[in-house]
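Undergrad: This is the structure, below, for whatever I ask next.
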Amino acid sequence: MNRIVVEQKVLNENQRIAAELRERFRQSNVFCLNLVSSPGSGKTSLLERTLEAWSHTSRVAILTGDIQTENDARRLARFGFPVRQITTGGTCHLDAKMIQKHLAGWNLSDVDLLLIENVGNLVCPSSYDLGEDAKVVLLSVTEGDDKPLKYPSMFAKSEVMVLNKMDLLPYVQFSLEQARENARRVHPGIEIIELSCTTRDGLDRWLNWLQSRRPGTPVASSGAGVNSL
Ligand SMILES: Nc1nc2c(ncn2[C@@H]2O[C@H](COP(=O)(O)OP(=O)(O)OP(=O)(O)O)[C@@H](O)[C@H]2O)c(=O)[nH]1
Ligand SMILES: [Mg+2]
């Protein structure tokens with residue numbers, strides 16, 4: 001019983017800070033995406049493929065969450081955009097306060113698109129609003145097509161499901177049809193984008209979705225993400 005009361009307070013406080021962040025993003029015209037998935041589904045890989053498609057002059061910034069390491073920030077820093085690692089020290093999700101703290105010193109009027117990579121976890125991040133415009137959930141074909149039903153909150157709250165590692169489809173027991181149906185059972189309107197961060201097939205659909213959702217996001221430089229599944 002006590003645990004429920006404490007959780008409620010934490011979530012209310014998070015909601016308050018998330019609302020402040022959302023207002024700041026609105027005032028600075030920043031479009032913010034929160035990428036969520038199990039560990040290893042390919043969040044950092046998708047960000048790598050996305051950043052490499054854009055010119056360095058694009059007004060993009062990235063916050064990446066991890067329980068312990070700075071590996072992801074190091075991977076993403078290679079593309080020349082401002083990147084900050086949020087190391088949670090054990091906490092299994094990002095919260096709005098962490099975002100607020102790690103935005104310090106960044107002038108949001110210089111940013112059109114803020115990409116947040118959440119900690120790899122298909123449960124907890126769904127409870128913590130970060131002030132984002134949209135959540136994007138990644139599911140890789142190695143994880144099983146039943147995941148939308150087993151972890152419904154994450155899929156219900158996400159605008160898009162990116163089905164990643166499509167290059168591995170021939171080698172695993174994963175029904176695309178079932179995965180799509182399961183996702184639509186928990187979220188009838190969910191957008192589904194199938195791609196492979198390794199082969200880059202399907203990446204154009206992801207880049208096009210970003211463009212359509214937020215006109216003004218960078219256009220892919222020629223040759224990037226041109227293959228379709
Ligand atoms: N075959 C294949 N491997 C992929 C693909 N995308 C990512 N990987 C591999 O999957 C592993 C995990 O990818 P990451 O991008 O680090 O995944 P993540 O979701 O950021 O992981 P966490 O930050 O630990 O939650 C790496 O070895 C990637 O090379 C893909 O499309 N196909
Ligand atoms: Mg990562």
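Chain labels follow the order of the structure tokens: the first chain is A, the next B, and so on; residue numbering restarts at 1 in every chain, and ligands are counted from 1 in their shown order.
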Give me, as a list in words, all polymer residues having an atom no more than 8 Å from Gly65 of chain A, counting only C-alpha atoms and skipping those fewer than 6 positions away in the same chain.

TA: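 Result of the neighbour search: Gln85, Ile86, Thr87, Thr88, His93, Leu94, Ile116, Glu117, Asn118 and Val119 of chain A.
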
Undergrad: Taking only C-alpha atoms and all ligand atoms into account, which residues have an atom no farther than 8 Å from ligand 1? I'd like them as an mmCIF file with all heavy atoms, in the first residue's frame.

TA:
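Everything below was put into selection_26.cif:
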```cif
data_model
loop_
_atom_site.group_PDB
_atom_site.id
_atom_site.type_symbol
_atom_site.label_atom_id
_atom_site.label_comp_id
_atom_site.auth_asym_id
_atom_site.auth_seq_id
_atom_site.Cartn_x
_atom_site.Cartn_y
_atom_site.Cartn_z
ATOM 1 N N VAL A 36 12.249 3.933 -27.433
ATOM 2 C CA VAL A 36 12.188 2.929 -26.360
ATOM 3 C C VAL A 36 12.242 1.529 -26.964
ATOM 4 O O VAL A 36 11.766 1.306 -28.075
ATOM 5 C CB VAL A 36 10.885 3.091 -25.525
ATOM 6 C CG1 VAL A 36 10.884 4.397 -24.748
ATOM 7 C CG2 VAL A 36 9.639 3.013 -26.394
ATOM 8 N N SER A 37 12.815 0.595 -26.199
ATOM 9 C CA SER A 37 12.840 -0.817 -26.634
ATOM 10 C C SER A 37 13.529 -1.647 -25.574
ATOM 11 O O SER A 37 14.102 -1.119 -24.624
ATOM 12 C CB SER A 37 13.603 -0.980 -27.957
ATOM 13 O OG SER A 37 14.998 -1.047 -27.737
ATOM 14 N N SER A 38 13.507 -2.964 -25.775
ATOM 15 C CA SER A 38 14.314 -3.863 -24.939
ATOM 16 C C SER A 38 15.797 -3.569 -25.183
ATOM 17 O O SER A 38 16.139 -2.993 -26.213
ATOM 18 C CB SER A 38 14.123 -5.324 -25.342
ATOM 19 O OG SER A 38 12.820 -5.610 -25.631
ATOM 20 N N PRO A 39 16.662 -4.047 -24.282
ATOM 21 C CA PRO A 39 18.095 -3.885 -24.546
ATOM 22 C C PRO A 39 18.465 -4.573 -25.865
ATOM 23 O O PRO A 39 18.049 -5.702 -26.117
ATOM 24 C CB PRO A 39 18.764 -4.631 -23.376
ATOM 25 C CG PRO A 39 17.733 -4.693 -22.299
ATOM 26 C CD PRO A 39 16.402 -4.718 -22.993
ATOM 27 N N GLY A 40 19.211 -3.851 -26.697
ATOM 28 C CA GLY A 40 19.778 -4.478 -27.889
ATOM 29 C C GLY A 40 18.881 -4.546 -29.114
ATOM 30 O O GLY A 40 19.256 -5.154 -30.117
ATOM 31 N N SER A 41 17.711 -3.927 -29.088
ATOM 32 C CA SER A 41 16.824 -3.974 -30.269
ATOM 33 C C SER A 41 17.353 -3.130 -31.424
ATOM 34 O O SER A 41 16.930 -3.309 -32.569
ATOM 35 C CB SER A 41 15.426 -3.460 -29.919
ATOM 36 O OG SER A 41 14.906 -4.168 -28.849
ATOM 37 N N GLY A 42 18.235 -2.171 -31.088
ATOM 38 C CA GLY A 42 18.839 -1.378 -32.159
ATOM 39 C C GLY A 42 18.560 0.115 -32.081
ATOM 40 O O GLY A 42 18.637 0.808 -33.098
ATOM 41 N N LYS A 43 18.305 0.644 -30.877
ATOM 42 C CA LYS A 43 18.031 2.084 -30.743
ATOM 43 C C LYS A 43 19.246 2.912 -31.196
ATOM 44 O O LYS A 43 19.109 3.843 -31.987
ATOM 45 C CB LYS A 43 17.682 2.441 -29.289
ATOM 46 C CG LYS A 43 16.424 1.767 -28.770
ATOM 47 C CD LYS A 43 16.144 2.089 -27.312
ATOM 48 C CE LYS A 43 17.185 1.540 -26.348
ATOM 49 N NZ LYS A 43 17.348 0.072 -26.358
ATOM 50 N N THR A 44 20.410 2.566 -30.677
ATOM 51 C CA THR A 44 21.605 3.345 -31.042
ATOM 52 C C THR A 44 21.921 3.143 -32.525
ATOM 53 O O THR A 44 22.299 4.089 -33.222
ATOM 54 C CB THR A 44 22.817 2.937 -30.172
ATOM 55 O OG1 THR A 44 22.416 2.931 -28.801
ATOM 56 C CG2 THR A 44 23.974 3.900 -30.336
ATOM 57 N N SER A 45 21.714 1.923 -33.008
ATOM 58 C CA SER A 45 21.973 1.658 -34.437
ATOM 59 C C SER A 45 21.052 2.502 -35.308
ATOM 60 O O SER A 45 21.484 3.055 -36.320
ATOM 61 C CB SER A 45 21.754 0.173 -34.756
ATOM 62 O OG SER A 45 22.592 -0.630 -33.965
ATOM 63 N N LEU A 46 19.785 2.610 -34.908
ATOM 64 C CA LEU A 46 18.848 3.422 -35.704
ATOM 65 C C LEU A 46 19.273 4.889 -35.680
ATOM 66 O O LEU A 46 19.210 5.586 -36.700
ATOM 67 C CB LEU A 46 17.413 3.264 -35.178
ATOM 68 C CG LEU A 46 16.357 4.029 -35.975
ATOM 69 C CD1 LEU A 46 16.264 3.510 -37.415
ATOM 70 C CD2 LEU A 46 14.980 3.936 -35.307
ATOM 71 N N LEU A 47 19.731 5.350 -34.521
ATOM 72 C CA LEU A 47 20.209 6.734 -34.446
ATOM 73 C C LEU A 47 21.462 6.916 -35.313
ATOM 74 O O LEU A 47 21.594 7.930 -36.009
ATOM 75 C CB LEU A 47 20.491 7.120 -32.987
ATOM 76 C CG LEU A 47 19.240 7.270 -32.111
ATOM 77 C CD1 LEU A 47 19.620 7.509 -30.644
ATOM 78 C CD2 LEU A 47 18.366 8.432 -32.606
ATOM 79 N N GLY A 65 20.378 7.413 -22.952
ATOM 80 C CA GLY A 65 20.364 6.891 -21.585
ATOM 81 C C GLY A 65 20.957 5.503 -21.502
ATOM 82 O O GLY A 65 20.800 4.684 -22.406
ATOM 83 N N ASP A 66 21.650 5.261 -20.405
ATOM 84 C CA ASP A 66 22.232 3.939 -20.177
ATOM 85 C C ASP A 66 22.345 3.765 -18.672
ATOM 86 O O ASP A 66 22.539 4.747 -17.943
ATOM 87 C CB ASP A 66 23.631 3.880 -20.804
ATOM 88 C CG ASP A 66 24.100 2.464 -21.059
ATOM 89 O OD1 ASP A 66 24.207 1.676 -20.109
ATOM 90 O OD2 ASP A 66 24.368 2.150 -22.224
ATOM 91 N N ASP A 72 27.148 4.399 -25.829
ATOM 92 C CA ASP A 72 26.244 4.861 -26.888
ATOM 93 C C ASP A 72 26.559 6.301 -27.279
ATOM 94 O O ASP A 72 26.556 6.639 -28.458
ATOM 95 C CB ASP A 72 24.778 4.709 -26.450
ATOM 96 C CG ASP A 72 24.358 3.244 -26.381
ATOM 97 O OD1 ASP A 72 25.176 2.381 -26.781
ATOM 98 O OD2 ASP A 72 23.236 2.959 -25.937
ATOM 99 N N GLU A 117 17.339 8.577 -26.612
ATOM 100 C CA GLU A 117 17.372 7.113 -26.535
ATOM 101 C C GLU A 117 17.180 6.720 -25.082
ATOM 102 O O GLU A 117 17.983 7.063 -24.219
ATOM 103 C CB GLU A 117 18.708 6.554 -27.041
ATOM 104 C CG GLU A 117 18.783 5.041 -26.819
ATOM 105 C CD GLU A 117 20.084 4.382 -27.242
ATOM 106 O OE1 GLU A 117 20.940 5.034 -27.853
ATOM 107 O OE2 GLU A 117 20.238 3.176 -26.926
ATOM 108 N N ASN A 118 16.105 6.010 -24.800
ATOM 109 C CA ASN A 118 15.833 5.611 -23.416
ATOM 110 C C ASN A 118 16.695 4.409 -23.032
ATOM 111 O O ASN A 118 17.332 3.774 -23.873
ATOM 112 C CB ASN A 118 14.345 5.282 -23.260
ATOM 113 C CG ASN A 118 13.792 5.749 -21.933
ATOM 114 O OD1 ASN A 118 14.378 5.434 -20.885
ATOM 115 N ND2 ASN A 118 12.712 6.495 -21.949
ATOM 116 N N VAL A 119 16.710 4.087 -21.765
ATOM 117 C CA VAL A 119 17.395 2.886 -21.275
ATOM 118 C C VAL A 119 16.687 1.659 -21.860
ATOM 119 O O VAL A 119 15.463 1.649 -21.991
ATOM 120 C CB VAL A 119 17.310 2.849 -19.728
ATOM 121 C CG1 VAL A 119 17.908 1.558 -19.172
ATOM 122 C CG2 VAL A 119 17.994 4.066 -19.124
ATOM 123 N N GLY A 120 17.467 0.643 -22.231
ATOM 124 C CA GLY A 120 16.870 -0.570 -22.803
ATOM 125 C C GLY A 120 16.024 -1.297 -21.770
ATOM 126 O O GLY A 120 16.539 -1.840 -20.793
ATOM 127 N N ASN A 121 14.712 -1.266 -21.972
ATOM 128 C CA ASN A 121 13.777 -1.852 -21.007
ATOM 129 C C ASN A 121 12.381 -1.696 -21.617
ATOM 130 O O ASN A 121 12.007 -0.588 -21.983
ATOM 131 C CB ASN A 121 13.885 -1.080 -19.683
ATOM 132 C CG ASN A 121 12.988 -1.619 -18.589
ATOM 133 O OD1 ASN A 121 11.876 -2.072 -18.850
ATOM 134 N ND2 ASN A 121 13.461 -1.564 -17.365
ATOM 135 N N LEU A 138 10.983 0.250 -30.685
ATOM 136 C CA LEU A 138 11.643 -0.668 -31.604
ATOM 137 C C LEU A 138 11.400 -2.093 -31.131
ATOM 138 O O LEU A 138 11.408 -2.371 -29.915
ATOM 139 C CB LEU A 138 13.162 -0.434 -31.610
ATOM 140 C CG LEU A 138 13.670 0.699 -32.504
ATOM 141 C CD1 LEU A 138 13.477 2.023 -31.811
ATOM 142 C CD2 LEU A 138 15.140 0.492 -32.832
ATOM 143 N N SER A 140 12.864 -5.925 -32.423
ATOM 144 C CA SER A 140 13.664 -6.620 -33.431
ATOM 145 C C SER A 140 13.107 -8.028 -33.610
ATOM 146 O O SER A 140 12.511 -8.594 -32.680
ATOM 147 C CB SER A 140 15.142 -6.642 -33.039
ATOM 148 O OG SER A 140 15.320 -7.276 -31.810
ATOM 149 N N ASN A 164 12.886 -3.900 -36.429
ATOM 150 C CA ASN A 164 14.290 -3.858 -36.852
ATOM 151 C C ASN A 164 14.865 -5.272 -37.021
ATOM 152 O O ASN A 164 14.266 -6.256 -36.612
ATOM 153 C CB ASN A 164 15.096 -3.059 -35.814
ATOM 154 C CG ASN A 164 16.521 -2.803 -36.276
ATOM 155 O OD1 ASN A 164 16.780 -2.664 -37.476
ATOM 156 N ND2 ASN A 164 17.459 -2.751 -35.345
ATOM 157 N N LYS A 165 16.023 -5.322 -37.625
ATOM 158 C CA LYS A 165 16.786 -6.558 -37.902
ATOM 159 C C LYS A 165 16.051 -7.445 -38.897
ATOM 160 O O LYS A 165 16.054 -8.672 -38.791
ATOM 161 C CB LYS A 165 17.118 -7.313 -36.602
ATOM 162 C CG LYS A 165 17.786 -6.440 -35.534
ATOM 163 C CD LYS A 165 18.468 -7.204 -34.435
ATOM 164 C CE LYS A 165 18.960 -6.262 -33.353
ATOM 165 N NZ LYS A 165 19.621 -6.914 -32.232
ATOM 166 N N MET A 166 15.413 -6.795 -39.876
ATOM 167 C CA MET A 166 14.677 -7.550 -40.891
ATOM 168 C C MET A 166 15.604 -8.472 -41.684
ATOM 169 O O MET A 166 15.156 -9.458 -42.266
ATOM 170 C CB MET A 166 13.955 -6.586 -41.829
ATOM 171 C CG MET A 166 12.767 -5.899 -41.185
ATOM 172 S SD MET A 166 11.428 -7.047 -40.839
ATOM 173 C CE MET A 166 10.818 -7.321 -42.487
ATOM 174 N N ASP A 167 16.895 -8.146 -41.720
ATOM 175 C CA ASP A 167 17.848 -9.018 -42.425
ATOM 176 C C ASP A 167 17.938 -10.395 -41.767
ATOM 177 O O ASP A 167 18.355 -11.364 -42.395
ATOM 178 C CB ASP A 167 19.245 -8.362 -42.452
ATOM 179 C CG ASP A 167 19.726 -7.968 -41.058
ATOM 180 O OD1 ASP A 167 19.056 -7.121 -40.417
ATOM 181 O OD2 ASP A 167 20.746 -8.519 -40.592
ATOM 182 N N LEU A 168 17.531 -10.490 -40.497
ATOM 183 C CA LEU A 168 17.623 -11.777 -39.782
ATOM 184 C C LEU A 168 16.341 -12.597 -39.884
ATOM 185 O O LEU A 168 16.283 -13.718 -39.377
ATOM 186 C CB LEU A 168 17.964 -11.522 -38.297
ATOM 187 C CG LEU A 168 19.304 -10.830 -38.033
ATOM 188 C CD1 LEU A 168 19.528 -10.638 -36.535
ATOM 189 C CD2 LEU A 168 20.458 -11.628 -38.636
ATOM 190 N N LEU A 195 12.527 -2.356 -41.112
ATOM 191 C CA LEU A 195 13.820 -1.962 -41.672
ATOM 192 C C LEU A 195 14.958 -2.810 -41.104
ATOM 193 O O LEU A 195 14.740 -3.629 -40.201
ATOM 194 C CB LEU A 195 14.082 -0.468 -41.422
ATOM 195 C CG LEU A 195 14.024 0.088 -39.995
ATOM 196 C CD1 LEU A 195 15.328 -0.169 -39.252
ATOM 197 C CD2 LEU A 195 13.757 1.582 -40.023
ATOM 198 N N SER A 196 16.109 -2.600 -41.655
ATOM 199 C CA SER A 196 17.312 -3.225 -41.113
ATOM 200 C C SER A 196 18.377 -2.156 -40.972
ATOM 201 O O SER A 196 18.739 -1.506 -41.957
ATOM 202 C CB SER A 196 17.826 -4.324 -42.047
ATOM 203 O OG SER A 196 19.167 -4.630 -41.699
ATOM 204 N N CYS A 197 18.860 -1.978 -39.769
ATOM 205 C CA CYS A 197 19.934 -0.995 -39.568
ATOM 206 C C CYS A 197 21.242 -1.504 -40.157
ATOM 207 O O CYS A 197 22.149 -0.718 -40.419
ATOM 208 C CB CYS A 197 20.118 -0.717 -38.073
ATOM 209 S SG CYS A 197 18.781 0.245 -37.384
ATOM 210 N N THR A 198 21.347 -2.816 -40.349
ATOM 211 C CA THR A 198 22.586 -3.380 -40.897
ATOM 212 C C THR A 198 22.656 -3.190 -42.406
ATOM 213 O O THR A 198 23.644 -2.692 -42.935
ATOM 214 C CB THR A 198 22.697 -4.872 -40.535
ATOM 215 O OG1 THR A 198 22.778 -4.969 -39.119
ATOM 216 C CG2 THR A 198 23.920 -5.523 -41.149
ATOM 217 N N THR A 199 21.576 -3.556 -43.110
ATOM 218 C CA THR A 199 21.607 -3.427 -44.584
ATOM 219 C C THR A 199 21.118 -2.050 -45.033
ATOM 220 O O THR A 199 21.290 -1.685 -46.178
ATOM 221 C CB THR A 199 20.698 -4.477 -45.245
ATOM 222 O OG1 THR A 199 19.346 -4.204 -44.851
ATOM 223 C CG2 THR A 199 21.085 -5.891 -44.829
ATOM 224 N N ARG A 200 20.472 -1.333 -44.146
ATOM 225 C CA ARG A 200 19.847 -0.023 -44.424
ATOM 226 C C ARG A 200 18.562 -0.154 -45.235
ATOM 227 O O ARG A 200 17.944 0.839 -45.600
ATOM 228 C CB ARG A 200 20.800 0.957 -45.114
ATOM 229 C CG ARG A 200 21.971 1.377 -44.236
ATOM 230 C CD ARG A 200 22.947 2.262 -45.007
ATOM 231 N NE ARG A 200 24.009 2.774 -44.156
ATOM 232 C CZ ARG A 200 25.022 2.070 -43.694
ATOM 233 N NH1 ARG A 200 25.117 0.785 -43.979
ATOM 234 N NH2 ARG A 200 25.942 2.628 -42.931
#
```

Undergrad: Rank nothing, just name the residue among A:Ala134, A:His56, A:Leu35, A:Arg184 nearest to Leu149 of chain A, using only C-alpha atoms.

TA: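 Of all the options, A:Arg184 lies closest to Leu149 of chain A.
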
Undergrad: Pick out the residues sitting within 9 Å of Gly80 of chain A, and hand them over as number ranges by chain; count only C-alpha atoms, and ignore anything fewer than 3 positions along from it in its own chain.

TA: A: 51, 56, 76-77, 83

Undergrad: Return the single residue from A:Pro152, A:Ala183, A:Asp145, A:Lys135 that is closest to Leu169 of chain A, with distances computed using only C-alpha atoms.

TA: A:Asp145

Undergrad: For a test of reading the model, state the distance in Å between atom CA of Val172 of chain A and atom CA of Gly144 of chain A, rounded to one decimal.

TA: 8.7 Å

Undergrad: Using DSSP assignments from the backbone, pull out every residue in segment 2-225 of chain A that falls under strand (DSSP E or B) and give it to me as a short mmCIF file (atom, residue, chain, number, x, y, z; two decimals) with N, CA, C and O atoms, in the first residue's frame.

TA:
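The result, stored in states-v4.cif:
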```cif
data_model
loop_
_atom_site.label_atom_id
_atom_site.label_comp_id
_atom_site.auth_asym_id
_atom_site.auth_seq_id
_atom_site.Cartn_x
_atom_site.Cartn_y
_atom_site.Cartn_z
N PHE A 31 11.07 19.53 -31.85
CA PHE A 31 10.31 18.28 -31.95
C PHE A 31 11.14 17.20 -31.24
O PHE A 31 12.32 17.00 -31.54
N CYS A 32 10.52 16.54 -30.28
CA CYS A 32 11.26 15.61 -29.42
C CYS A 32 10.72 14.19 -29.55
O CYS A 32 9.52 13.96 -29.42
N LEU A 33 11.62 13.24 -29.81
CA LEU A 33 11.23 11.83 -29.90
C LEU A 33 11.89 11.03 -28.79
O LEU A 33 13.06 11.25 -28.48
N ASN A 34 11.16 10.09 -28.23
CA ASN A 34 11.65 9.22 -27.16
C ASN A 34 11.69 7.79 -27.71
O ASN A 34 10.65 7.18 -27.95
N LEU A 35 12.90 7.27 -27.95
CA LEU A 35 13.06 5.93 -28.51
C LEU A 35 13.15 4.90 -27.39
O LEU A 35 14.03 4.99 -26.53
N VAL A 36 12.25 3.93 -27.43
CA VAL A 36 12.19 2.93 -26.36
C VAL A 36 12.24 1.53 -26.96
O VAL A 36 11.77 1.31 -28.08
N VAL A 60 20.16 19.17 -34.88
CA VAL A 60 19.72 17.96 -34.18
C VAL A 60 20.57 17.78 -32.93
O VAL A 60 21.78 18.05 -32.96
N ALA A 61 19.96 17.36 -31.83
CA ALA A 61 20.72 17.04 -30.62
C ALA A 61 20.22 15.71 -30.07
O ALA A 61 19.07 15.32 -30.33
N ILE A 62 21.09 15.02 -29.34
CA ILE A 62 20.75 13.67 -28.88
C ILE A 62 21.09 13.51 -27.40
O ILE A 62 22.18 13.88 -26.96
N LEU A 63 20.16 12.93 -26.66
CA LEU A 63 20.43 12.49 -25.29
C LEU A 63 20.27 10.98 -25.30
O LEU A 63 19.29 10.46 -25.82
N THR A 64 21.25 10.28 -24.73
CA THR A 64 21.14 8.82 -24.74
C THR A 64 21.31 8.25 -23.34
O THR A 64 22.24 8.61 -22.63
N GLY A 65 20.38 7.41 -22.95
CA GLY A 65 20.36 6.89 -21.58
C GLY A 65 20.96 5.50 -21.50
O GLY A 65 20.80 4.68 -22.41
N ASP A 66 21.65 5.26 -20.41
CA ASP A 66 22.23 3.94 -20.18
C ASP A 66 22.34 3.77 -18.67
O ASP A 66 22.54 4.75 -17.94
N VAL A 83 25.81 15.55 -28.44
CA VAL A 83 25.31 14.32 -27.80
C VAL A 83 25.67 14.35 -26.33
O VAL A 83 26.79 14.73 -25.98
N ARG A 84 24.75 13.96 -25.49
CA ARG A 84 25.07 13.79 -24.07
C ARG A 84 24.58 12.44 -23.58
O ARG A 84 23.46 12.03 -23.92
N GLN A 85 25.40 11.80 -22.79
CA GLN A 85 25.01 10.54 -22.18
C GLN A 85 24.35 10.82 -20.83
O GLN A 85 24.83 11.63 -20.05
N ILE A 86 23.24 10.15 -20.59
CA ILE A 86 22.65 10.18 -19.25
C ILE A 86 22.89 8.80 -18.64
O ILE A 86 22.35 7.80 -19.11
N THR A 87 23.74 8.75 -17.63
CA THR A 87 24.01 7.47 -16.97
C THR A 87 23.17 7.41 -15.71
O THR A 87 23.33 8.23 -14.81
N LEU A 113 15.30 19.27 -33.68
CA LEU A 113 14.93 17.89 -33.39
C LEU A 113 15.78 17.37 -32.23
O LEU A 113 17.01 17.40 -32.30
N LEU A 114 15.11 16.94 -31.17
CA LEU A 114 15.81 16.34 -30.03
C LEU A 114 15.45 14.86 -29.99
O LEU A 114 14.28 14.49 -29.89
N LEU A 115 16.48 14.01 -30.12
CA LEU A 115 16.27 12.56 -30.12
C LEU A 115 16.74 12.01 -28.78
O LEU A 115 17.89 12.22 -28.38
N ILE A 116 15.86 11.30 -28.10
CA ILE A 116 16.22 10.73 -26.80
C ILE A 116 16.20 9.21 -26.92
O ILE A 116 15.19 8.62 -27.31
N GLU A 117 17.34 8.58 -26.61
CA GLU A 117 17.37 7.11 -26.53
C GLU A 117 17.18 6.72 -25.08
O GLU A 117 17.98 7.06 -24.22
N ALA A 134 6.50 12.38 -29.30
CA ALA A 134 6.07 11.01 -29.63
C ALA A 134 7.09 10.00 -29.13
O ALA A 134 8.29 10.28 -29.07
N LYS A 135 6.56 8.85 -28.73
CA LYS A 135 7.43 7.71 -28.44
C LYS A 135 7.52 6.85 -29.70
O LYS A 135 6.53 6.72 -30.44
N VAL A 136 8.69 6.25 -29.89
CA VAL A 136 8.88 5.29 -30.99
C VAL A 136 9.40 4.02 -30.35
O VAL A 136 10.42 4.04 -29.65
N VAL A 137 8.69 2.91 -30.54
CA VAL A 137 9.14 1.65 -29.95
C VAL A 137 9.81 0.81 -31.03
O VAL A 137 9.32 0.72 -32.15
N LEU A 138 10.98 0.25 -30.68
CA LEU A 138 11.64 -0.67 -31.60
C LEU A 138 11.40 -2.09 -31.13
O LEU A 138 11.41 -2.37 -29.91
N LEU A 139 11.17 -2.97 -32.09
CA LEU A 139 11.08 -4.41 -31.80
C LEU A 139 11.94 -5.08 -32.86
O LEU A 139 11.77 -4.82 -34.05
N SER A 140 12.86 -5.93 -32.42
CA SER A 140 13.66 -6.62 -33.43
C SER A 140 13.11 -8.03 -33.61
O SER A 140 12.51 -8.59 -32.68
N SER A 158 3.12 4.23 -28.04
CA SER A 158 4.05 4.63 -29.10
C SER A 158 3.31 4.92 -30.39
O SER A 158 2.38 4.22 -30.75
N GLU A 159 3.78 5.96 -31.06
CA GLU A 159 3.13 6.35 -32.33
C GLU A 159 3.58 5.41 -33.46
O GLU A 159 2.85 5.15 -34.40
N VAL A 160 4.83 4.93 -33.32
CA VAL A 160 5.41 4.09 -34.37
C VAL A 160 6.04 2.86 -33.74
O VAL A 160 6.63 2.94 -32.66
N MET A 161 5.92 1.72 -34.43
CA MET A 161 6.72 0.55 -34.08
C MET A 161 7.70 0.33 -35.23
O MET A 161 7.29 0.10 -36.37
N VAL A 162 9.00 0.43 -34.91
CA VAL A 162 10.02 0.11 -35.90
C VAL A 162 10.39 -1.36 -35.72
O VAL A 162 10.84 -1.77 -34.65
N LEU A 163 10.14 -2.15 -36.75
CA LEU A 163 10.52 -3.58 -36.71
C LEU A 163 11.92 -3.68 -37.29
O LEU A 163 12.11 -3.54 -38.50
N ASN A 164 12.89 -3.90 -36.43
CA ASN A 164 14.29 -3.86 -36.85
C ASN A 164 14.86 -5.27 -37.02
O ASN A 164 14.27 -6.26 -36.61
N GLU A 191 1.73 3.14 -36.40
CA GLU A 191 2.47 3.10 -37.68
C GLU A 191 3.53 2.02 -37.56
O GLU A 191 4.19 1.93 -36.52
N ILE A 192 3.71 1.22 -38.60
CA ILE A 192 4.71 0.14 -38.52
C ILE A 192 5.73 0.32 -39.65
O ILE A 192 5.35 0.43 -40.82
N ILE A 193 7.00 0.39 -39.26
CA ILE A 193 8.06 0.59 -40.25
C ILE A 193 9.06 -0.55 -40.11
O ILE A 193 9.64 -0.74 -39.04
N GLU A 194 9.21 -1.32 -41.18
CA GLU A 194 10.12 -2.47 -41.15
C GLU A 194 11.44 -2.08 -41.80
O GLU A 194 11.45 -1.50 -42.89
N PRO A 215 7.85 18.44 -40.47
CA PRO A 215 8.46 19.12 -41.62
C PRO A 215 9.56 20.04 -41.09
O PRO A 215 9.39 20.68 -40.05
N THR A 217 12.59 18.71 -40.43
CA THR A 217 13.69 17.83 -40.05
C THR A 217 14.56 17.62 -41.28
O THR A 217 14.08 17.76 -42.41
#
```

Undergrad: Restricting the calculation to only C-alpha atoms and all ligand atoms, which member of A:Gln68, A:Asn12, A:Asn107, A:Asn29 is positioned closest to ligand 2?

TA: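 Answer, going by the shortest atom-to-atom distance: A:Gln68.
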
Undergrad: What does the structure give for the distance between atom CA of Ala18 of chain A and atom CA of Asn71 of chain A, in Å to one decimal?

TA: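 Atom-to-atom, atom CA of Ala18 of chain A to atom CA of Asn71 of chain A, that is 26.4 Å.
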
Undergrad: Taking into account only C-alpha atoms, which residue in the set A:Arg75, A:Thr50, A:Ser127, A:Lys9 is nearest to Leu210 of chain A?

TA: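 Going through A:Arg75, A:Thr50, A:Ser127, A:Lys9 one by one, the smallest distance to Leu210 of chain A is for A:Thr50.
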
Undergrad: Just list the residues in segment 23-214 of chain A DSSP gives alpha helix (DSSP H) on the backbone, as number ranges by chain.

TA: A: 23-28, 43-52, 71-77, 96-102, 147-150, 152-156, 176-186, 203-213
